[in-house]
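Asks: Next comes the structure file start00.pdb, holding PDB, C-alpha atoms.
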```pdb
MODEL        1
ATOM      1  CA  MET A 115    -151.768 -92.757 182.357  1.00  0.00           C
ATOM      2  CA  ASN A 116    -154.120 -90.841 184.612  1.00  0.00           C
ATOM      3  CA  ASP A 117    -152.395 -88.411 186.920  1.00  0.00           C
ATOM      4  CA  GLU A 118    -155.440 -87.655 189.049  1.00  0.00           C
ATOM      5  CA  THR A 119    -155.739 -91.031 190.755  1.00  0.00           C
ATOM      6  CA  ASN A 120    -152.216 -92.317 191.331  1.00  0.00           C
ATOM      7  CA  ASP A 121    -150.188 -89.115 191.050  1.00  0.00           C
ATOM      8  CA  GLY A 122    -148.314 -90.265 187.953  1.00  0.00           C
ATOM      9  CA  ARG A 123    -146.707 -93.281 189.617  1.00  0.00           C
ATOM     10  CA  MET A 124    -146.157 -96.577 187.883  1.00  0.00           C
ATOM     11  CA  SER A 125    -146.801-100.011 189.395  1.00  0.00           C
ATOM     12  CA  ILE A 126    -144.962-101.298 192.454  1.00  0.00           C
ATOM     13  CA  ILE A 127    -142.893-103.701 190.333  1.00  0.00           C
ATOM     14  CA  VAL A 128    -141.480-100.830 188.273  1.00  0.00           C
ATOM     15  CA  ARG A 129    -140.882 -98.724 191.360  1.00  0.00           C
ATOM     16  CA  THR A 130    -139.027-101.527 193.192  1.00  0.00           C
ATOM     17  CA  ILE A 131    -136.829-102.373 190.199  1.00  0.00           C
ATOM     18  CA  ALA A 132    -136.053 -98.678 189.627  1.00  0.00           C
ATOM     19  CA  THR A 133    -135.063 -98.255 193.284  1.00  0.00           C
ATOM     20  CA  MET A 134    -132.848-101.346 193.073  1.00  0.00           C
ATOM     21  CA  MET A 135    -131.154-100.219 189.851  1.00  0.00           C
ATOM     22  CA  LEU A 136    -130.539 -96.629 190.964  1.00  0.00           C
ATOM     23  CA  PRO A 137    -127.303 -97.163 193.000  1.00  0.00           C
ATOM     24  CA  PHE A 138    -125.717 -99.301 190.305  1.00  0.00           C
ATOM     25  CA  ILE A 139    -126.393 -96.728 187.582  1.00  0.00           C
ATOM     26  CA  LEU A 140    -125.112 -93.907 189.798  1.00  0.00           C
ATOM     27  CA  ILE A 141    -121.933 -95.854 190.688  1.00  0.00           C
ATOM     28  CA  PHE A 142    -121.321 -96.599 187.010  1.00  0.00           C
ATOM     29  CA  SER A 143    -121.785 -92.938 186.140  1.00  0.00           C
ATOM     30  CA  PHE A 144    -119.336 -91.856 188.853  1.00  0.00           C
ATOM     31  CA  TYR A 145    -116.893 -94.484 187.557  1.00  0.00           C
ATOM     32  CA  VAL A 146    -117.174 -93.047 184.038  1.00  0.00           C
ATOM     33  CA  ILE A 147    -116.637 -89.510 185.368  1.00  0.00           C
ATOM     34  CA  MET A 148    -113.660 -90.385 187.596  1.00  0.00           C
ATOM     35  CA  HIS A 149    -111.920 -92.456 184.901  1.00  0.00           C
ATOM     36  CA  GLY A 150    -112.480 -89.724 182.322  1.00  0.00           C
ATOM     37  CA  HIS A 151    -108.763 -89.208 181.742  1.00  0.00           C
ATOM     38  CA  LEU A 152    -107.974 -92.930 181.432  1.00  0.00           C
ATOM     39  CA  THR A 153    -110.822 -94.729 179.709  1.00  0.00           C
ATOM     40  CA  PRO A 154    -113.532 -93.795 177.185  1.00  0.00           C
ATOM     41  CA  GLY A 155    -116.071 -91.457 178.667  1.00  0.00           C
ATOM     42  CA  GLY A 156    -115.735 -88.345 180.754  1.00  0.00           C
ATOM     43  CA  GLY A 157    -117.780 -85.605 182.273  1.00  0.00           C
ATOM     44  CA  PHE A 158    -120.516 -85.410 179.668  1.00  0.00           C
ATOM     45  CA  GLN A 159    -120.976 -89.177 179.270  1.00  0.00           C
ATOM     46  CA  GLY A 160    -121.047 -89.895 183.006  1.00  0.00           C
ATOM     47  CA  GLY A 161    -123.344 -86.941 183.615  1.00  0.00           C
ATOM     48  CA  ALA A 162    -125.709 -88.177 180.923  1.00  0.00           C
ATOM     49  CA  ILE A 163    -125.810 -91.620 182.581  1.00  0.00           C
ATOM     50  CA  ALA A 164    -126.554 -90.085 186.001  1.00  0.00           C
ATOM     51  CA  ALA A 165    -129.214 -87.837 184.474  1.00  0.00           C
ATOM     52  CA  SER A 166    -130.783 -90.909 182.848  1.00  0.00           C
ATOM     53  CA  ALA A 167    -130.943 -92.488 186.320  1.00  0.00           C
ATOM     54  CA  ILE A 168    -132.818 -89.420 187.589  1.00  0.00           C
ATOM     55  CA  VAL A 169    -135.103 -89.577 184.534  1.00  0.00           C
ATOM     56  CA  MET A 170    -135.796 -93.236 185.353  1.00  0.00           C
ATOM     57  CA  MET A 171    -136.814 -92.247 188.889  1.00  0.00           C
ATOM     58  CA  ILE A 172    -139.052 -89.483 187.487  1.00  0.00           C
ATOM     59  CA  ALA A 173    -140.707 -92.000 185.156  1.00  0.00           C
ATOM     60  CA  ALA A 174    -141.203 -94.532 187.943  1.00  0.00           C
ATOM     61  CA  TYR A 175    -142.302 -92.297 190.819  1.00  0.00           C
ATOM     62  CA  GLY A 176    -143.981 -89.427 188.978  1.00  0.00           C
ATOM     63  CA  HIS A 177    -142.714 -85.895 188.627  1.00  0.00           C
ATOM     64  CA  LYS A 178    -144.728 -84.494 191.541  1.00  0.00           C
ATOM     65  CA  MET A 179    -143.022 -86.691 194.134  1.00  0.00           C
ATOM     66  CA  MET A 180    -139.590 -86.247 192.528  1.00  0.00           C
ATOM     67  CA  GLU A 181    -140.107 -82.491 192.464  1.00  0.00           C
ATOM     68  CA  LYS A 182    -140.356 -82.594 196.260  1.00  0.00           C
ATOM     69  CA  ARG A 183    -137.167 -84.691 196.543  1.00  0.00           C
ATOM     70  CA  ILE A 184    -135.019 -82.863 193.981  1.00  0.00           C
ATOM     71  CA  SER A 185    -136.338 -79.390 193.305  1.00  0.00           C
ATOM     72  CA  GLU A 186    -135.622 -77.350 190.203  1.00  0.00           C
ATOM     73  CA  ASP A 187    -133.653 -74.911 192.335  1.00  0.00           C
ATOM     74  CA  GLY A 188    -131.443 -77.720 193.639  1.00  0.00           C
ATOM     75  CA  LEU A 189    -130.677 -78.996 190.144  1.00  0.00           C
ATOM     76  CA  SER A 190    -130.042 -75.461 188.929  1.00  0.00           C
ATOM     77  CA  MET A 191    -127.694 -74.911 191.876  1.00  0.00           C
ATOM     78  CA  VAL A 192    -125.749 -78.101 191.062  1.00  0.00           C
ATOM     79  CA  GLU A 193    -125.374 -76.893 187.481  1.00  0.00           C
ATOM     80  CA  SER A 194    -124.187 -73.440 188.547  1.00  0.00           C
ATOM     81  CA  VAL A 195    -121.720 -74.891 191.075  1.00  0.00           C
ATOM     82  CA  GLY A 196    -120.241 -77.085 188.330  1.00  0.00           C
ATOM     83  CA  ALA A 197    -119.770 -74.097 186.030  1.00  0.00           C
ATOM     84  CA  ALA A 198    -118.244 -72.077 188.896  1.00  0.00           C
ATOM     85  CA  ILE A 199    -115.772 -74.866 189.760  1.00  0.00           C
ATOM     86  CA  PHE A 200    -114.754 -75.088 186.092  1.00  0.00           C
ATOM     87  CA  ALA A 201    -114.173 -71.331 185.812  1.00  0.00           C
ATOM     88  CA  VAL A 202    -112.340 -71.063 189.144  1.00  0.00           C
ATOM     89  CA  VAL A 203    -109.993 -73.974 188.360  1.00  0.00           C
ATOM     90  CA  ALA A 204    -109.323 -72.517 184.919  1.00  0.00           C
ATOM     91  CA  PHE A 205    -108.530 -69.051 186.296  1.00  0.00           C
ATOM     92  CA  ILE A 206    -106.314 -70.370 189.133  1.00  0.00           C
ATOM     93  CA  GLY A 207    -104.006 -71.378 186.289  1.00  0.00           C
ATOM     94  CA  VAL A 208    -103.803 -67.730 185.274  1.00  0.00           C
ATOM     95  CA  ILE A 209    -103.062 -66.600 188.826  1.00  0.00           C
ATOM     96  CA  MET A 210    -100.582 -69.293 189.900  1.00  0.00           C
ATOM     97  CA  ALA A 211     -98.864 -69.954 186.581  1.00  0.00           C
ATOM     98  CA  ALA A 212     -98.497 -68.634 183.089  1.00  0.00           C
ATOM     99  CA  SER A 213    -101.637 -69.418 181.164  1.00  0.00           C
ATOM    100  CA  PHE A 214    -105.359 -70.098 181.251  1.00  0.00           C
ATOM    101  CA  MET A 215    -106.192 -73.643 182.421  1.00  0.00           C
ATOM    102  CA  TYR A 216    -102.567 -74.350 183.345  1.00  0.00           C
ATOM    103  CA  ASN A 217    -102.040 -77.781 184.872  1.00  0.00           C
ATOM    104  CA  PHE A 218    -100.851 -76.505 188.272  1.00  0.00           C
ATOM    105  CA  LEU A 219    -101.540 -79.769 190.149  1.00  0.00           C
ATOM    106  CA  VAL A 220     -98.647 -81.773 188.667  1.00  0.00           C
ATOM    107  CA  GLY A 221     -96.400 -83.061 191.445  1.00  0.00           C
ATOM    108  CA  THR A 222     -98.900 -82.474 194.243  1.00  0.00           C
ATOM    109  CA  PRO A 223    -100.607 -85.348 196.121  1.00  0.00           C
ATOM    110  CA  LEU A 224    -103.972 -84.403 194.585  1.00  0.00           C
ATOM    111  CA  PHE A 225    -104.104 -86.010 191.119  1.00  0.00           C
ATOM    112  CA  GLY A 226    -100.432 -85.204 190.674  1.00  0.00           C
ATOM    113  CA  GLU A 227     -98.627 -88.513 190.055  1.00  0.00           C
ATOM    114  CA  THR A 228     -96.794 -89.113 186.816  1.00  0.00           C
ATOM    115  CA  PRO A 229     -97.519 -92.459 185.133  1.00  0.00           C
ATOM    116  CA  PRO A 230     -94.475 -94.609 184.253  1.00  0.00           C
ATOM    117  CA  PHE A 231     -92.981 -94.591 180.812  1.00  0.00           C
ATOM    118  CA  GLY A 232     -94.156 -97.158 178.280  1.00  0.00           C
ATOM    119  CA  SER A 233     -97.442 -98.949 177.861  1.00  0.00           C
ATOM    120  CA  ASN A 234     -99.320 -99.169 181.154  1.00  0.00           C
ATOM    121  CA  PRO A 235    -102.959 -99.199 182.212  1.00  0.00           C
ATOM    122  CA  GLY A 236    -102.624 -95.724 183.730  1.00  0.00           C
ATOM    123  CA  ILE A 237    -102.811 -94.381 187.260  1.00  0.00           C
ATOM    124  CA  LEU A 238    -106.095 -93.024 188.595  1.00  0.00           C
ATOM    125  CA  ASN A 239    -104.304 -90.433 190.745  1.00  0.00           C
ATOM    126  CA  SER A 240    -102.861 -88.589 187.758  1.00  0.00           C
ATOM    127  CA  GLY A 241    -103.945 -85.995 185.251  1.00  0.00           C
ATOM    128  CA  GLY A 242    -103.667 -82.786 187.275  1.00  0.00           C
ATOM    129  CA  VAL A 243    -106.693 -80.564 186.855  1.00  0.00           C
ATOM    130  CA  LEU A 244    -108.383 -82.854 184.301  1.00  0.00           C
ATOM    131  CA  PRO A 245    -110.338 -85.025 186.830  1.00  0.00           C
ATOM    132  CA  ILE A 246    -111.528 -81.873 188.608  1.00  0.00           C
ATOM    133  CA  LEU A 247    -112.714 -80.391 185.313  1.00  0.00           C
ATOM    134  CA  ASN A 248    -114.404 -83.715 184.505  1.00  0.00           C
ATOM    135  CA  ILE A 249    -116.237 -83.620 187.855  1.00  0.00           C
ATOM    136  CA  ALA A 250    -117.314 -80.018 187.149  1.00  0.00           C
ATOM    137  CA  VAL A 251    -118.627 -80.914 183.689  1.00  0.00           C
ATOM    138  CA  GLY A 252    -120.374 -83.941 185.177  1.00  0.00           C
ATOM    139  CA  MET A 253    -122.159 -81.806 187.770  1.00  0.00           C
ATOM    140  CA  LYS A 254    -123.210 -79.352 185.069  1.00  0.00           C
ATOM    141  CA  VAL A 255    -124.571 -82.084 182.796  1.00  0.00           C
ATOM    142  CA  ILE A 256    -126.420 -83.862 185.644  1.00  0.00           C
ATOM    143  CA  GLY A 257    -128.090 -80.607 186.691  1.00  0.00           C
ATOM    144  CA  GLY A 258    -128.880 -79.455 183.167  1.00  0.00           C
ATOM    145  CA  LEU A 259    -130.330 -82.632 181.663  1.00  0.00           C
ATOM    146  CA  ALA A 260    -132.309 -83.630 184.770  1.00  0.00           C
ATOM    147  CA  ALA A 261    -133.679 -80.093 185.140  1.00  0.00           C
ATOM    148  CA  VAL A 262    -134.774 -80.053 181.484  1.00  0.00           C
ATOM    149  CA  VAL A 263    -136.803 -83.250 181.880  1.00  0.00           C
ATOM    150  CA  LEU A 264    -138.225 -82.260 185.283  1.00  0.00           C
ATOM    151  CA  ILE A 265    -139.274 -78.760 184.183  1.00  0.00           C
ATOM    152  CA  MET A 266    -140.790 -80.087 180.976  1.00  0.00           C
ATOM    153  CA  ALA A 267    -142.823 -82.658 182.938  1.00  0.00           C
ATOM    154  CA  LEU A 268    -144.072 -79.931 185.299  1.00  0.00           C
ATOM    155  CA  ALA A 269    -144.924 -77.615 182.355  1.00  0.00           C
ATOM    156  CA  GLY A 270    -146.917 -80.370 180.614  1.00  0.00           C
ATOM    157  CA  ASP A 271    -148.793 -80.935 183.843  1.00  0.00           C
ATOM    158  CA  LYS A 272    -149.749 -77.241 184.032  1.00  0.00           C
ATOM    159  CA  GLU A 273    -150.960 -77.350 180.410  1.00  0.00           C
ATOM    160  CA  GLY A 274    -153.161 -80.305 181.326  1.00  0.00           C
ATOM    161  CA  ASP A 275    -154.640 -78.365 184.239  1.00  0.00           C
ATOM    162  CA  LYS A 276    -155.621 -75.492 181.970  1.00  0.00           C
ATOM    163  CA  LYS A 277    -157.822 -77.747 179.817  1.00  0.00           C
TER     164      LYS A 277
ATOM    165  CA  MET B  73    -102.599-110.540 154.134  1.00  0.00           C
ATOM    166  CA  SER B  74    -103.191-113.742 156.025  1.00  0.00           C
ATOM    167  CA  TRP B  75    -106.383-115.754 155.882  1.00  0.00           C
ATOM    168  CA  GLU B  76    -107.433-114.837 159.426  1.00  0.00           C
ATOM    169  CA  VAL B  77    -107.150-111.096 158.782  1.00  0.00           C
ATOM    170  CA  LYS B  78    -109.210-111.434 155.595  1.00  0.00           C
ATOM    171  CA  LYS B  79    -111.873-113.378 157.469  1.00  0.00           C
ATOM    172  CA  MET B  80    -111.989-110.769 160.238  1.00  0.00           C
ATOM    173  CA  ILE B  81    -112.327-107.911 157.753  1.00  0.00           C
ATOM    174  CA  SER B  82    -115.106-109.633 155.860  1.00  0.00           C
ATOM    175  CA  LEU B  83    -116.955-110.505 159.073  1.00  0.00           C
ATOM    176  CA  PHE B  84    -116.586-106.894 160.251  1.00  0.00           C
ATOM    177  CA  GLY B  85    -117.962-105.607 156.942  1.00  0.00           C
ATOM    178  CA  ILE B  86    -120.890-108.014 157.043  1.00  0.00           C
ATOM    179  CA  ALA B  87    -121.660-106.972 160.630  1.00  0.00           C
ATOM    180  CA  LEU B  88    -121.604-103.308 159.611  1.00  0.00           C
ATOM    181  CA  ILE B  89    -123.968-103.949 156.678  1.00  0.00           C
ATOM    182  CA  ILE B  90    -126.425-105.931 158.835  1.00  0.00           C
ATOM    183  CA  LEU B  91    -126.297-103.283 161.561  1.00  0.00           C
ATOM    184  CA  SER B  92    -126.893-100.531 158.988  1.00  0.00           C
ATOM    185  CA  VAL B  93    -130.026-102.288 157.760  1.00  0.00           C
ATOM    186  CA  PHE B  94    -131.266-102.800 161.311  1.00  0.00           C
ATOM    187  CA  THR B  95    -130.560 -99.135 162.061  1.00  0.00           C
ATOM    188  CA  ILE B  96    -132.449 -97.832 159.025  1.00  0.00           C
ATOM    189  CA  ILE B  97    -135.589 -99.932 159.601  1.00  0.00           C
ATOM    190  CA  PRO B  98    -136.665 -98.191 162.875  1.00  0.00           C
ATOM    191  CA  ALA B  99    -135.930 -94.807 161.268  1.00  0.00           C
ATOM    192  CA  ILE B 100    -138.313 -95.584 158.402  1.00  0.00           C
ATOM    193  CA  ILE B 101    -140.900 -96.834 160.908  1.00  0.00           C
ATOM    194  CA  ALA B 102    -140.565 -93.562 162.852  1.00  0.00           C
ATOM    195  CA  VAL B 103    -141.232 -91.547 159.690  1.00  0.00           C
ATOM    196  CA  VAL B 104    -144.115 -93.631 158.354  1.00  0.00           C
ATOM    197  CA  MET B 105    -146.253 -94.495 161.382  1.00  0.00           C
ATOM    198  CA  LYS B 106    -149.065 -92.279 162.642  1.00  0.00           C
ATOM    199  CA  ASP B 107    -148.878 -93.407 166.268  1.00  0.00           C
ATOM    200  CA  LEU B 108    -146.343 -90.995 167.743  1.00  0.00           C
ATOM    201  CA  LEU B 109    -145.633 -93.155 170.810  1.00  0.00           C
ATOM    202  CA  ALA B 110    -144.582 -96.033 168.536  1.00  0.00           C
ATOM    203  CA  CYS B 111    -142.425 -93.572 166.597  1.00  0.00           C
ATOM    204  CA  VAL B 112    -140.647 -92.549 169.813  1.00  0.00           C
ATOM    205  CA  ILE B 113    -139.985 -96.179 170.737  1.00  0.00           C
ATOM    206  CA  ALA B 114    -138.657 -96.814 167.234  1.00  0.00           C
ATOM    207  CA  LEU B 115    -136.365 -93.805 167.600  1.00  0.00           C
ATOM    208  CA  ALA B 116    -135.063 -95.201 170.913  1.00  0.00           C
ATOM    209  CA  ILE B 117    -134.319 -98.549 169.244  1.00  0.00           C
ATOM    210  CA  MET B 118    -132.575 -96.733 166.394  1.00  0.00           C
ATOM    211  CA  SER B 119    -130.491 -94.759 168.855  1.00  0.00           C
ATOM    212  CA  LEU B 120    -129.429 -97.899 170.715  1.00  0.00           C
ATOM    213  CA  LEU B 121    -128.400 -99.653 167.487  1.00  0.00           C
ATOM    214  CA  LEU B 122    -126.598 -96.479 166.408  1.00  0.00           C
ATOM    215  CA  SER B 123    -124.592 -96.528 169.634  1.00  0.00           C
ATOM    216  CA  LEU B 124    -123.617-100.151 168.866  1.00  0.00           C
ATOM    217  CA  TYR B 125    -122.583 -98.961 165.401  1.00  0.00           C
ATOM    218  CA  PHE B 126    -120.421 -96.216 166.915  1.00  0.00           C
ATOM    219  CA  TYR B 127    -118.816 -98.798 169.182  1.00  0.00           C
ATOM    220  CA  LEU B 128    -117.977-101.017 166.221  1.00  0.00           C
ATOM    221  CA  LEU B 129    -116.444 -97.984 164.473  1.00  0.00           C
ATOM    222  CA  HIS B 130    -114.017 -97.563 167.447  1.00  0.00           C
ATOM    223  CA  ALA B 131    -115.691 -94.488 168.948  1.00  0.00           C
ATOM    224  CA  PRO B 132    -116.728 -95.655 172.453  1.00  0.00           C
ATOM    225  CA  ASP B 133    -116.986 -92.061 173.694  1.00  0.00           C
ATOM    226  CA  VAL B 134    -119.694 -91.228 171.180  1.00  0.00           C
ATOM    227  CA  ALA B 135    -121.338 -94.585 171.832  1.00  0.00           C
ATOM    228  CA  ILE B 136    -121.736 -93.880 175.554  1.00  0.00           C
ATOM    229  CA  ALA B 137    -123.070 -90.373 174.880  1.00  0.00           C
ATOM    230  CA  GLU B 138    -125.490 -91.655 172.238  1.00  0.00           C
ATOM    231  CA  ALA B 139    -126.796 -94.447 174.483  1.00  0.00           C
ATOM    232  CA  GLY B 140    -127.278 -92.086 177.433  1.00  0.00           C
ATOM    233  CA  VAL B 141    -128.743 -89.078 175.696  1.00  0.00           C
ATOM    234  CA  GLY B 142    -130.384 -90.588 172.619  1.00  0.00           C
ATOM    235  CA  ALA B 143    -131.945 -93.694 174.075  1.00  0.00           C
ATOM    236  CA  CYS B 144    -133.020 -92.396 177.480  1.00  0.00           C
ATOM    237  CA  ILE B 145    -133.348 -88.640 177.846  1.00  0.00           C
ATOM    238  CA  THR B 146    -134.652 -87.861 174.348  1.00  0.00           C
ATOM    239  CA  THR B 147    -137.233 -90.641 174.699  1.00  0.00           C
ATOM    240  CA  ALA B 148    -138.403 -89.267 178.032  1.00  0.00           C
ATOM    241  CA  LEU B 149    -138.655 -85.737 176.592  1.00  0.00           C
ATOM    242  CA  PHE B 150    -140.665 -86.933 173.583  1.00  0.00           C
ATOM    243  CA  ILE B 151    -143.021 -89.004 175.758  1.00  0.00           C
ATOM    244  CA  ILE B 152    -143.601 -86.025 178.069  1.00  0.00           C
ATOM    245  CA  ALA B 153    -144.329 -83.833 175.034  1.00  0.00           C
ATOM    246  CA  ILE B 154    -146.752 -86.416 173.617  1.00  0.00           C
ATOM    247  CA  ARG B 155    -148.536 -86.650 176.959  1.00  0.00           C
ATOM    248  CA  ALA B 156    -148.960 -82.879 176.993  1.00  0.00           C
ATOM    249  CA  THR B 157    -150.359 -82.763 173.425  1.00  0.00           C
ATOM    250  CA  GLN B 158    -151.900 -85.728 171.621  1.00  0.00           C
ATOM    251  CA  ARG B 159    -150.865 -89.223 170.686  1.00  0.00           C
ATOM    252  CA  TYR B 160    -151.948 -89.631 167.073  1.00  0.00           C
ATOM    253  CA  GLU B 161    -150.839 -87.610 164.085  1.00  0.00           C
ATOM    254  CA  VAL B 162    -153.769 -85.852 162.355  1.00  0.00           C
ATOM    255  CA  GLU B 163    -154.176 -85.359 158.620  1.00  0.00           C
ATOM    256  CA  LYS B 164    -155.061 -81.874 157.447  1.00  0.00           C
TER     257      LYS B 164
ENDMDL
END
```
Could you quickly redo this structure as structure tokens?
Replies:
Amino acid sequence: MNDETNDGRMSIIVRTIATMMLPFILIFSFYVIMHGHLTPGGGFQGGAIAASAIVMMIAAYGHKMMEKRISEDGLSMVESVGAAIFAVVAFIGVIMAASFMYNFLVGTPLFGETPPFGSNPGILNSGGVLPILNIAVGMKVIGGLAAVVLIMALAGDKEGDKK
Amino acid sequence: MSWEVKKMISLFGIALIILSVFTIIPAIIAVVMKDLLACVIALAIMSLLLSLYFYLLHAPDVAIAEAGVGACITTALFIIAIRATQRYEVEK
């Protein structure tokens, strides 16, 4: 694995397969995040899958090229926006209703339907604030885990330059 | 207890025992071997089998998290760390 000649890239077969697999992994991760209140999974699991897709692209294309596409600042901003959405949604419950993280979206068109009584597969447009919190946690996990791997790859590269 | 339920329980127990053995073997390999890259690959295999174990124990949430974090991101972190340091373990 010599970084000087090919900039840390792998062969064209690996790069092509990684590019082909990327949308499927991302769609599966968004499915896991959006169905967090119905099926197994949720914000953390879907975010980990999406971060593993980004890690796959870093492994295939090299961290220098991926650092130009997705910078550390961008990933850090995604993480901070996720945390901000979580806090804002939680505190709107204090302002509009009685308690912290109150489910104020019940009855509204946005995630507000009530599923029927009895055993049913569940309605995607239900859950109140839970899907929004899942999306926020997913953004935070995508930003955090991908930024950890990217920054560690860049730091190892700088250590190699020092020698 | 009917015959079918007994057969299912015994098959489930046998599957758990076999999966336990196959989960422990890569862990022992990761401890024993001196080539750290092979140890990381063994840890990834162990993590994948552990996620299958979690799925059989009716914890699909933990299985998804284990497969995503343990088998992919931890492996990438370890490989990056090995590339920054050295590949073989040295005796002192």
Asks: Here is a test: counting all atoms listed in the file, which residue of B:Ala87, B:Val93, B:Ala137, B:Leu108 is nearest to chain A?
Replies: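 With all atoms listed in the file as the atom set, the closest residue is B:Ala137.
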Asks: Kindly compute an axis-aligned box around the listed atoms of region 251-270 of chain A, allowing 5 Å on each side, and express its centre and edge lengths in Å to one decimal as JSON.
Replies:
```
{"center_x": -132.8, "center_y": -80.8, "center_z": 184.2, "size_x": 38.3, "size_y": 16.3, "size_z": 17.2}
```
Asks: Within 12 Å of chain A, which residues belong to chain B? Use all atoms listed in the file and report them as a PyMOL selection string.
Replies: chain B and resi 127+130-158
Asks: What does the distance from CA of Tyr175 (chain A) to CA of Ile127 (chain A) come to in Å, to one decimal?
Replies: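 For CA of Tyr175 (chain A) relative to CA of Ile127 (chain A), the distance reads 11.4 Å.
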Asks: Starting from the displayed file, determine the output of the PyMOL selection byres ((chain B and resi 88-91) around 9) and express the residue list as a PDB file with C-alpha atoms, keeping the file's coordinate frame.
Replies:
```pdb
ATOM      1  CA  LEU B  83    -116.955-110.505 159.073  1.00  0.00           C
ATOM      2  CA  PHE B  84    -116.586-106.894 160.251  1.00  0.00           C
ATOM      3  CA  GLY B  85    -117.962-105.607 156.942  1.00  0.00           C
ATOM      4  CA  ILE B  86    -120.890-108.014 157.043  1.00  0.00           C
ATOM      5  CA  ALA B  87    -121.660-106.972 160.630  1.00  0.00           C
ATOM      6  CA  SER B  92    -126.893-100.531 158.988  1.00  0.00           C
ATOM      7  CA  VAL B  93    -130.026-102.288 157.760  1.00  0.00           C
ATOM      8  CA  PHE B  94    -131.266-102.800 161.311  1.00  0.00           C
ATOM      9  CA  THR B  95    -130.560 -99.135 162.061  1.00  0.00           C
ATOM     10  CA  ILE B  96    -132.449 -97.832 159.025  1.00  0.00           C
ATOM     11  CA  LEU B 121    -128.400 -99.653 167.487  1.00  0.00           C
ATOM     12  CA  LEU B 122    -126.598 -96.479 166.408  1.00  0.00           C
ATOM     13  CA  LEU B 124    -123.617-100.151 168.866  1.00  0.00           C
ATOM     14  CA  TYR B 125    -122.583 -98.961 165.401  1.00  0.00           C
ATOM     15  CA  LEU B 128    -117.977-101.017 166.221  1.00  0.00           C
ATOM     16  CA  LEU B 129    -116.444 -97.984 164.473  1.00  0.00           C
TER      17      LEU B 129
END
```
Asks: Can you give me, as a VMD selection string, the residues this file yields under the PyMOL selection byres ((chain A and resi 214) around 12)?
Replies: chain A and resid 200 to 213 215 to 218 243
Asks: Nearest to Ala250 (chain A): which of A:Gly157, A:Gly122, A:Pro137, A:Pro235 is it, counting only C-alpha atoms?
Replies: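 Comparing A:Gly157, A:Gly122, A:Pro137, A:Pro235 against Ala250 (chain A), the winner is A:Gly157.
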Asks: Could you work out how far CA of Ser240 (chain A) lies from CA of Ser143 (chain A), giving the answer in Å with one decimal?
Replies: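 Calculated distance between CA of Ser143 (chain A) and CA of Ser240 (chain A) is 19.5 Å.
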Asks: Point out the residue among A:Ile249, A:Leu238, A:Leu244, A:Thr222 with the least atom-to-atom distance to Leu152 (chain A), counting only C-alpha atoms.
Replies: A:Leu238
Asks: Have a look at CA of Glu193 (chain A) and CA of Met171 (chain A) and let me know their distance in Å, one decimal.
Replies: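 Answer for the CA of Glu193 (chain A) to CA of Met171 (chain A) separation: 19.2 Å.
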Asks: Using the incomplete input, complete region 227-238 of chain A to the level of N, CA and C atoms; output as an mmCIF file, keeping the file's coordinate frame.
Replies:
```
data_model
loop_
_atom_site.group_PDB
_atom_site.id
_atom_site.type_symbol
_atom_site.label_atom_id
_atom_site.label_comp_id
_atom_site.auth_asym_id
_atom_site.auth_seq_id
_atom_site.Cartn_x
_atom_site.Cartn_y
_atom_site.Cartn_z
ATOM 1 N N GLU A 227 -99.653 -87.530 190.373
ATOM 2 C CA GLU A 227 -98.627 -88.513 190.055
ATOM 3 C C GLU A 227 -98.361 -88.554 188.550
ATOM 4 N N THR A 228 -97.152 -88.958 188.218
ATOM 5 C CA THR A 228 -96.794 -89.113 186.816
ATOM 6 C C THR A 228 -96.787 -90.600 186.479
ATOM 7 N N PRO A 229 -97.516 -91.028 185.476
ATOM 8 C CA PRO A 229 -97.519 -92.459 185.133
ATOM 9 C C PRO A 229 -96.166 -92.872 184.575
ATOM 10 N N PRO A 230 -95.777 -94.145 184.738
ATOM 11 C CA PRO A 230 -94.475 -94.609 184.253
ATOM 12 C C PRO A 230 -94.404 -94.597 182.733
ATOM 13 N N PHE A 231 -93.193 -94.628 182.254
ATOM 14 C CA PHE A 231 -92.981 -94.591 180.812
ATOM 15 C C PHE A 231 -93.350 -95.942 180.202
ATOM 16 N N GLY A 232 -93.806 -95.933 178.973
ATOM 17 C CA GLY A 232 -94.156 -97.158 178.280
ATOM 18 C C GLY A 232 -95.632 -97.441 178.356
ATOM 19 N N SER A 233 -96.021 -98.604 177.858
ATOM 20 C CA SER A 233 -97.442 -98.949 177.861
ATOM 21 C C SER A 233 -97.838 -99.453 179.233
ATOM 22 N N ASN A 234 -98.844 -98.801 179.820
ATOM 23 C CA ASN A 234 -99.320 -99.169 181.154
ATOM 24 C C ASN A 234 -100.805 -98.847 181.226
ATOM 25 N N PRO A 235 -101.511 -99.475 182.149
ATOM 26 C CA PRO A 235 -102.959 -99.199 182.212
ATOM 27 C C PRO A 235 -103.296 -97.806 182.713
ATOM 28 N N GLY A 236 -102.328 -97.069 183.250
ATOM 29 C CA GLY A 236 -102.624 -95.724 183.730
ATOM 30 C C GLY A 236 -102.868 -95.698 185.218
ATOM 31 N N ILE A 237 -102.621 -94.564 185.820
ATOM 32 C CA ILE A 237 -102.811 -94.381 187.260
ATOM 33 C C ILE A 237 -104.020 -93.471 187.456
ATOM 34 N N LEU A 238 -104.901 -93.850 188.378
ATOM 35 C CA LEU A 238 -106.095 -93.024 188.595
ATOM 36 C C LEU A 238 -105.729 -91.682 189.199
#
```
